[in-house]
file protein-v8.txt (compact mmCIF, C-alpha atoms)
# COMPACT_ATOMS: atom_id res chain seq x y z
CA MET Q 1 -15.98 5.52 -16.27
CA PRO Q 2 -12.97 3.98 -18.08
CA GLU Q 3 -11.72 0.65 -16.81
CA MET Q 4 -8.49 0.89 -14.79
CA GLU Q 5 -5.44 -0.78 -16.22
CA ASP Q 6 -4.50 -3.60 -13.85
CA HIS Q 7 -0.90 -4.00 -14.98
CA ALA Q 8 1.97 -1.89 -16.19
CA LEU Q 9 5.60 -2.39 -17.18
CA LEU Q 10 7.67 -0.10 -14.95
CA THR Q 11 11.34 0.82 -15.17
CA ILE Q 12 13.56 1.24 -12.13
CA ASP Q 13 15.76 4.35 -12.37
CA ARG Q 14 19.37 4.60 -11.20
CA SER Q 15 18.22 5.58 -7.71
CA GLY Q 16 15.97 2.50 -7.46
CA ARG Q 17 12.73 4.45 -7.92
CA ILE Q 18 9.65 3.57 -9.93
CA VAL Q 19 6.70 5.76 -10.88
CA LEU Q 20 3.20 4.42 -10.25
CA PRO Q 21 0.93 5.08 -13.22
CA SER Q 22 -1.68 7.79 -12.63
CA SER Q 23 -4.49 5.23 -13.13
CA PHE Q 24 -3.11 3.20 -10.20
CA ARG Q 25 -2.77 6.30 -8.00
CA ARG Q 26 -6.31 7.42 -8.80
CA ALA Q 27 -7.76 3.96 -8.13
CA LEU Q 28 -6.07 3.85 -4.73
CA GLY Q 29 -6.80 7.47 -3.89
CA LEU Q 30 -3.09 8.31 -3.58
CA ALA Q 31 -1.85 11.89 -3.70
CA PRO Q 32 1.62 13.42 -3.46
CA GLY Q 33 2.94 12.99 0.08
CA ASP Q 34 0.77 9.96 0.88
CA ARG Q 35 2.52 7.03 2.51
CA VAL Q 36 2.52 3.44 1.30
CA VAL Q 37 3.94 0.33 2.92
CA ALA Q 38 6.01 -2.00 0.75
CA TYR Q 39 6.56 -5.63 1.60
CA LEU Q 40 7.82 -8.77 -0.13
CA GLU Q 41 5.39 -11.58 -0.78
CA SER Q 42 7.17 -14.54 -2.34
CA ASP Q 43 8.61 -13.11 -5.58
CA ARG Q 44 6.46 -9.94 -5.58
CA VAL Q 45 6.64 -6.47 -4.09
CA VAL Q 46 3.28 -5.43 -2.67
CA LEU Q 47 2.36 -1.79 -2.01
CA THR Q 48 -0.45 -1.00 0.41
CA ARG Q 49 -1.82 2.37 1.44
CA PHE Q 50 -0.54 3.09 4.95
CA GLU Q 51 -4.00 4.11 6.17
CA ALA Q 52 -5.53 0.83 4.98
CA LEU Q 53 -2.88 -1.18 6.81
CA GLU Q 54 -3.20 0.99 9.92
CA GLU Q 55 -6.99 0.48 9.98
CA LYS Q 56 -6.55 -3.28 9.63
CA LEU Q 57 -4.08 -3.29 12.54
CA TRP Q 58 -6.48 -1.31 14.75
CA GLN Q 59 -9.29 -3.75 13.92
CA THR Q 60 -7.00 -6.65 14.84
CA MET Q 61 -5.94 -4.95 18.09
CA GLY Q 62 -9.59 -4.36 18.94
CA ALA Q 63 -10.06 -8.12 18.99
CA VAL Q 64 -7.23 -8.53 21.56
CA PRO Q 65 -8.31 -8.09 25.19
CA GLU Q 66 -6.81 -4.88 26.58
CA GLU Q 67 -4.94 -6.72 29.37
CA GLU Q 68 -3.05 -8.72 26.69
CA ARG Q 69 -2.00 -5.67 24.63
CA ARG Q 70 1.57 -4.44 24.94
CA GLY Q 71 2.01 -0.69 25.24

call {"tool": "encode", "arguments": {"input": "protein-v8.txt", "output": "structure tokens"}}
result
Amino acid sequence: MPEMEDHALLTIDRSGRIVLPSSFRRALGLAPGDRVVAYLESDRVVLTRFEALEEKLWQTMGAVPEEERRG
């Protein structure tokens, strides 16, 4: 299997959009219509698959006693 490129120079279009390279999309299992969460981390923009973040949140909530959870 070919090694995934771990960096790419991207150009922002007039609407502020970028295109993720297909090698990145394949590595993350992203398909058209999938959701990602973008957040700023210092001087970087980080993209995370929504499902991965959702799973992490559920795991965190599982560690919180039910009586302390807000609904």

call {"tool": "closest_residue", "arguments": {"input": "protein-v8.txt", "among": "Q:Phe24, Q:Arg14, Q:Tyr39, Q:Asp34", "to": "Q:Glu51", "atoms": "all atoms listed in the file"}}
result
Q:Asp34

call {"tool": "residues_near_point", "arguments": {"input": "protein-v8.txt", "point": "(3.7, 3.6, -0.3)", "cutoff": "12 Å", "atoms": "only C-alpha atoms", "output": "list in words"}}
result
Arg17, Ile18, Val19, Leu20, Arg25, Leu28, Gly29, Leu30, Ala31, Pro32, Gly33, Asp34, Arg35, Val36, Val37, Ala38, Tyr39, Val45, Val46, Leu47, Thr48, Arg49, Phe50, Glu51, Ala52 and Leu53 of chain Q

call {"tool": "atom_distance", "arguments": {"input": "protein-v8.txt", "atom1": "atom CA of Q:Ser42", "atom2": "atom CA of Q:Ser22"}}
result
26.1 Å

call {"tool": "atom_distance", "arguments": {"input": "protein-v8.txt", "atom1": "atom CA of Q:Leu40", "atom2": "atom CA of Q:Thr60"}}
result
21.2 Å

call {"tool": "atom_distance", "arguments": {"input": "protein-v8.txt", "atom1": "atom CA of Q:Gln59", "atom2": "atom CA of Q:Arg26"}}
result
25.5 Å

call {"tool": "axis_aligned_box", "arguments": {"input": "protein-v8.txt", "around": "stretch 43-62 of chain Q", "padding_each_side": "4 Å", "output": "JSON"}}
result
{"center_x": -0.5, "center_y": -4.5, "center_z": 6.7, "size_x": 26.2, "size_y": 25.2, "size_z": 32.5}

call {"tool": "build_atoms", "arguments": {"input": "protein-v8.txt", "residues": "stretch 9-22 of chain Q", "atoms": "N, CA and C atoms", "output": "mmCIF file, in the coordinates of the input"}}
result
data_model
loop_
_atom_site.group_PDB
_atom_site.id
_atom_site.type_symbol
_atom_site.label_atom_id
_atom_site.label_comp_id
_atom_site.auth_asym_id
_atom_site.auth_seq_id
_atom_site.Cartn_x
_atom_site.Cartn_y
_atom_site.Cartn_z
ATOM 1 N N LEU Q 9 4.180 -2.103 -17.166
ATOM 2 C CA LEU Q 9 5.600 -2.390 -17.180
ATOM 3 C C LEU Q 9 6.303 -1.129 -16.681
ATOM 4 N N LEU Q 10 7.006 -1.246 -15.561
ATOM 5 C CA LEU Q 10 7.670 -0.100 -14.950
ATOM 6 C C LEU Q 10 9.178 -0.277 -15.057
ATOM 7 N N THR Q 11 9.886 0.839 -15.098
ATOM 8 C CA THR Q 11 11.340 0.820 -15.170
ATOM 9 C C THR Q 11 11.918 1.417 -13.898
ATOM 10 N N ILE Q 12 12.892 0.752 -13.327
ATOM 11 C CA ILE Q 12 13.560 1.240 -12.130
ATOM 12 C C ILE Q 12 14.674 2.183 -12.571
ATOM 13 N N ASP Q 13 14.705 3.402 -11.984
ATOM 14 C CA ASP Q 13 15.760 4.350 -12.370
ATOM 15 C C ASP Q 13 17.042 4.066 -11.589
ATOM 16 N N ARG Q 14 18.072 4.843 -11.826
ATOM 17 C CA ARG Q 14 19.370 4.600 -11.200
ATOM 18 C C ARG Q 14 19.327 4.705 -9.677
ATOM 19 N N SER Q 15 18.366 5.431 -9.155
ATOM 20 C CA SER Q 15 18.220 5.580 -7.710
ATOM 21 C C SER Q 15 17.322 4.504 -7.104
ATOM 22 N N GLY Q 16 16.827 3.581 -7.937
ATOM 23 C CA GLY Q 16 15.970 2.500 -7.460
ATOM 24 C C GLY Q 16 14.501 2.876 -7.382
ATOM 25 N N ARG Q 17 14.112 3.977 -7.985
ATOM 26 C CA ARG Q 17 12.730 4.450 -7.920
ATOM 27 C C ARG Q 17 11.904 3.960 -9.112
ATOM 28 N N ILE Q 18 10.624 3.844 -8.872
ATOM 29 C CA ILE Q 18 9.650 3.570 -9.930
ATOM 30 C C ILE Q 18 8.551 4.631 -9.822
ATOM 31 N N VAL Q 19 7.827 4.834 -10.884
ATOM 32 C CA VAL Q 19 6.700 5.760 -10.880
ATOM 33 C C VAL Q 19 5.426 4.942 -11.057
ATOM 34 N N LEU Q 20 4.482 5.101 -10.111
ATOM 35 C CA LEU Q 20 3.200 4.420 -10.250
ATOM 36 C C LEU Q 20 2.366 5.155 -11.291
ATOM 37 N N PRO Q 21 1.774 4.427 -12.224
ATOM 38 C CA PRO Q 21 0.930 5.080 -13.220
ATOM 39 C C PRO Q 21 -0.210 5.856 -12.559
ATOM 40 N N SER Q 22 -0.616 6.947 -13.195
ATOM 41 C CA SER Q 22 -1.680 7.790 -12.630
ATOM 42 C C SER Q 22 -2.973 6.993 -12.433
#
